[in-house]
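Trainee: Before we start, here is the structure in question, set down as structure tokens.
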Amino acid sequence: MSTLTSSPSAQSTAAAAIQTRGLSWSGYLRVLAVGTLFGIVLTKSEVVRWQRVHDMFLFREPHMYLIIGTGVVVAMISMLLIKRYQIRTIDGQPIAYEPKPFHRGVVLGGMMFGAGWSITGACPGPIFAQLGAGQWMAVLTFMGALIGMFTYAAWKDKLPH
Amino acid sequence: MLDWIYQPWPWWFSGILVGLTVPLLYWVSGKGFGISTGLQQIGAMCLPNSTWSYFKKFNRRESAWTLVFILGIVLGGYLANFWLSSAPLEFLPEHQKNWMGGIRLLIGGFLVGFGARYAGGCTSGHSITGIANLNWPSLVATIFFFVGGLAVTWGLGSWIFGPQA
């Protein structure tokens, strides 16, 4: 596991260098295109529906598990290919995953996130897809998420990590 | 022939496209797929002079793409619902569309925003990108996403949502 997450140091410093800068205008346009595609997939797969999330947590249907599972497998194979063939970005920069660290928040925050996901039927991506699709009540979910983020920002240094 | 596009997409097709989002985003921008950092970006932009370390140490330029990505999701939701669907989707069930349902969304949204930032990521950054990169803390996070969700749904479900859910 560790051999795959830790990339050669030269590669990760190069990646760190590009990541401190913003993107070019064409870069942002490409990000917009990928985001649009993702928003379409979230909506057309019905991952954005409250009932789908509720039925996932009740084990009534495998739909959500199959989508997440397939997504993980496809992404995993893609990452292995990117590493194996040292595929670079469209601009010729190296691609490196930046590992997310473990701390107590992963457990405590994770449980809170899951609870919120089951109540609202939306994780962060679907909140925005619901807004775009005209589900006005998603404004409340979004406002709640913003208040939650600001509260975390204010309490961060006092919380166990 | 293209009729299937206007129907709900099958899980395998959706799953493949969700998975391909990760290499696609890396390829076009060098950025790791994850959405909840966008919430931090919004906070950091709203409070440019904040002394909170969460915003002070945050590189706003480096993460500006997260807002563009979010804008794309909004646009995608619009296109999918109004241009690529035979009938508009029912996002929330009828029993959620009332005052109590709205308060639930606000409280649940708080847990989503606070929890995702405390855990360091959400379903996209941890469950998809993190696990795909064999990052074990992301697997732990995903397990606890389900611990929290299952506990609420099975433990409090009929009390929170009523028997009709």
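Letters A, B, ... go to the chains of the structure tokens in the order shown; residues in each chain start at 1; ligands are counted from 1 in the same order.
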Could you list, as JSON, numbers by chain, every residue of chain B that has an atom within 6 Å of an atom of chain A, counting only C-alpha atoms?
Mentor: {"B": [8, 9, 11, 14, 15, 16, 18, 19, 20, 22, 27, 28, 30, 54, 61, 62, 68, 69, 72, 73, 74, 75, 76, 77, 78, 80, 81, 91, 92, 105, 106, 108, 109, 110, 111, 112, 113, 114, 115, 116, 118, 119, 128, 132, 137, 141, 144, 145, 146, 148, 149, 150, 152]}
Trainee: Restricted to C-alpha atoms, what would the selected residues look like written as a compact mmCIF listing (two decimals), in the first residue's frame?
Mentor:
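Generated file (part.txt):
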```txt
# COMPACT_ATOMS: atom_id res chain seq x y z
CA PRO B 8 -32.16 7.24 -15.68
CA TRP B 9 -28.69 5.94 -16.52
CA TRP B 11 -25.43 1.92 -12.52
CA SER B 14 -22.82 5.97 -14.22
CA GLY B 15 -20.16 4.20 -12.13
CA ILE B 16 -17.67 4.10 -15.00
CA VAL B 18 -17.83 8.67 -11.91
CA GLY B 19 -14.57 6.68 -11.83
CA LEU B 20 -13.23 8.33 -14.99
CA VAL B 22 -10.64 11.13 -11.32
CA TRP B 27 -5.22 14.94 -16.89
CA VAL B 28 -6.79 18.33 -17.64
CA GLY B 30 -3.31 18.07 -12.31
CA TYR B 54 -8.14 27.17 8.62
CA ARG B 61 -5.27 30.50 -5.76
CA GLU B 62 -4.28 26.86 -5.61
CA VAL B 68 -15.10 26.36 -11.12
CA PHE B 69 -15.73 22.64 -10.70
CA GLY B 72 -19.77 22.96 -13.57
CA ILE B 73 -21.81 20.65 -11.31
CA VAL B 74 -24.55 23.31 -11.05
CA LEU B 75 -24.56 23.62 -14.85
CA GLY B 76 -24.54 19.83 -15.23
CA GLY B 77 -27.52 19.48 -12.88
CA TYR B 78 -29.41 22.02 -14.95
CA ALA B 80 -29.33 16.88 -17.04
CA ASN B 81 -32.69 17.79 -15.54
CA PHE B 91 -35.08 15.14 -5.75
CA LEU B 92 -36.87 15.26 -2.41
CA LEU B 105 -32.07 19.90 5.58
CA LEU B 106 -30.48 22.81 7.46
CA GLY B 108 -28.27 17.76 8.07
CA GLY B 109 -26.45 20.26 5.85
CA PHE B 110 -24.58 21.52 8.93
CA LEU B 111 -23.43 17.96 9.67
CA VAL B 112 -22.39 17.49 6.01
CA GLY B 113 -20.33 20.71 5.97
CA PHE B 114 -18.80 20.35 9.43
CA GLY B 115 -18.22 16.60 9.12
CA ALA B 116 -16.69 16.70 5.64
CA TYR B 118 -13.40 17.75 9.97
CA ALA B 119 -12.83 14.40 8.20
CA ILE B 128 -13.57 7.71 -4.61
CA ALA B 132 -8.63 4.55 -5.53
CA PRO B 137 -7.30 6.95 6.10
CA ALA B 141 -13.35 7.79 6.65
CA PHE B 144 -17.35 5.93 9.36
CA PHE B 145 -19.48 7.77 6.76
CA PHE B 146 -21.55 4.58 6.73
CA GLY B 148 -22.96 7.60 10.88
CA GLY B 149 -25.48 7.20 8.06
CA LEU B 150 -26.59 3.71 9.07
CA VAL B 152 -29.18 7.63 11.91
```
Trainee: As an MDAnalysis selection string, please: every residue in range 4-159 of chain A that DSSP puts in alpha helix (DSSP H).
Mentor: chainID A and resid 4:5 9:19 25:44 50:57 63:84 104:120 124:132 138:155
Trainee: Can you work out the spacing between CA of Tyr85 in chain A and CA of Tyr26 in chain B in Å, to one decimal?
Mentor: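 Computing the Euclidean distance for CA of Tyr85 in chain A and CA of Tyr26 in chain B yields 14.3 Å.
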Trainee: Write out as a PyMOL selection string each polymer residue whose atoms come within 12 Å of Gly162 in chain B, counting only C-alpha atoms; drop sequence neighbours fewer than 4 positions from it.
Mentor: chain B and resi 93-96+100-101+153+156-158
Trainee: Given the selection you just returned, output its residues as a file containing N, CA and C atoms, formatted as an mmCIF file, in the first residue's frame.
Mentor:
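And here's again-v2.cif as it stands now:
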```
data_model
loop_
_atom_site.group_PDB
_atom_site.id
_atom_site.type_symbol
_atom_site.label_atom_id
_atom_site.label_comp_id
_atom_site.auth_asym_id
_atom_site.auth_seq_id
_atom_site.Cartn_x
_atom_site.Cartn_y
_atom_site.Cartn_z
ATOM 1 N N PRO B 93 -38.550 13.710 -1.528
ATOM 2 C CA PRO B 93 -39.904 13.161 -1.470
ATOM 3 C C PRO B 93 -40.875 14.175 -0.857
ATOM 4 N N GLU B 94 -42.164 13.982 -1.091
ATOM 5 C CA GLU B 94 -43.170 14.949 -0.630
ATOM 6 C C GLU B 94 -43.098 15.191 0.877
ATOM 7 N N HIS B 95 -42.815 14.098 1.645
ATOM 8 C CA HIS B 95 -42.804 14.255 3.106
ATOM 9 C C HIS B 95 -41.609 15.068 3.611
ATOM 10 N N GLN B 96 -40.706 15.471 2.692
ATOM 11 C CA GLN B 96 -39.586 16.336 3.076
ATOM 12 C C GLN B 96 -39.892 17.801 2.764
ATOM 13 N N MET B 100 -40.746 21.284 8.631
ATOM 14 C CA MET B 100 -39.882 20.368 9.378
ATOM 15 C C MET B 100 -38.794 19.788 8.472
ATOM 16 N N GLY B 101 -39.199 19.467 7.230
ATOM 17 C CA GLY B 101 -38.231 18.945 6.266
ATOM 18 C C GLY B 101 -37.130 19.961 5.993
ATOM 19 N N THR B 153 -30.144 6.328 10.074
ATOM 20 C CA THR B 153 -31.253 5.764 9.307
ATOM 21 C C THR B 153 -31.958 4.635 10.065
ATOM 22 N N LEU B 156 -32.777 6.214 14.136
ATOM 23 C CA LEU B 156 -33.708 7.332 14.308
ATOM 24 C C LEU B 156 -34.621 7.518 13.105
ATOM 25 N N GLY B 157 -34.441 6.681 12.089
ATOM 26 C CA GLY B 157 -35.106 6.883 10.801
ATOM 27 C C GLY B 157 -36.597 7.161 10.879
ATOM 28 N N SER B 158 -37.365 6.255 11.510
ATOM 29 C CA SER B 158 -38.817 6.426 11.503
ATOM 30 C C SER B 158 -39.226 7.618 12.369
#
```
Trainee: As an exercise, work out the distance from CA of Thr21 in chain B to CA of Thr129 in chain B in Å and give it to one decimal place.
Mentor: 9.4 Å
Trainee: To one decimal place in Å, what is the distance between CA of Asn133 in chain B and CA of Leu24 in chain B?
Mentor: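 Between CA of Asn133 in chain B and CA of Leu24 in chain B the gap works out to 14.7 Å.
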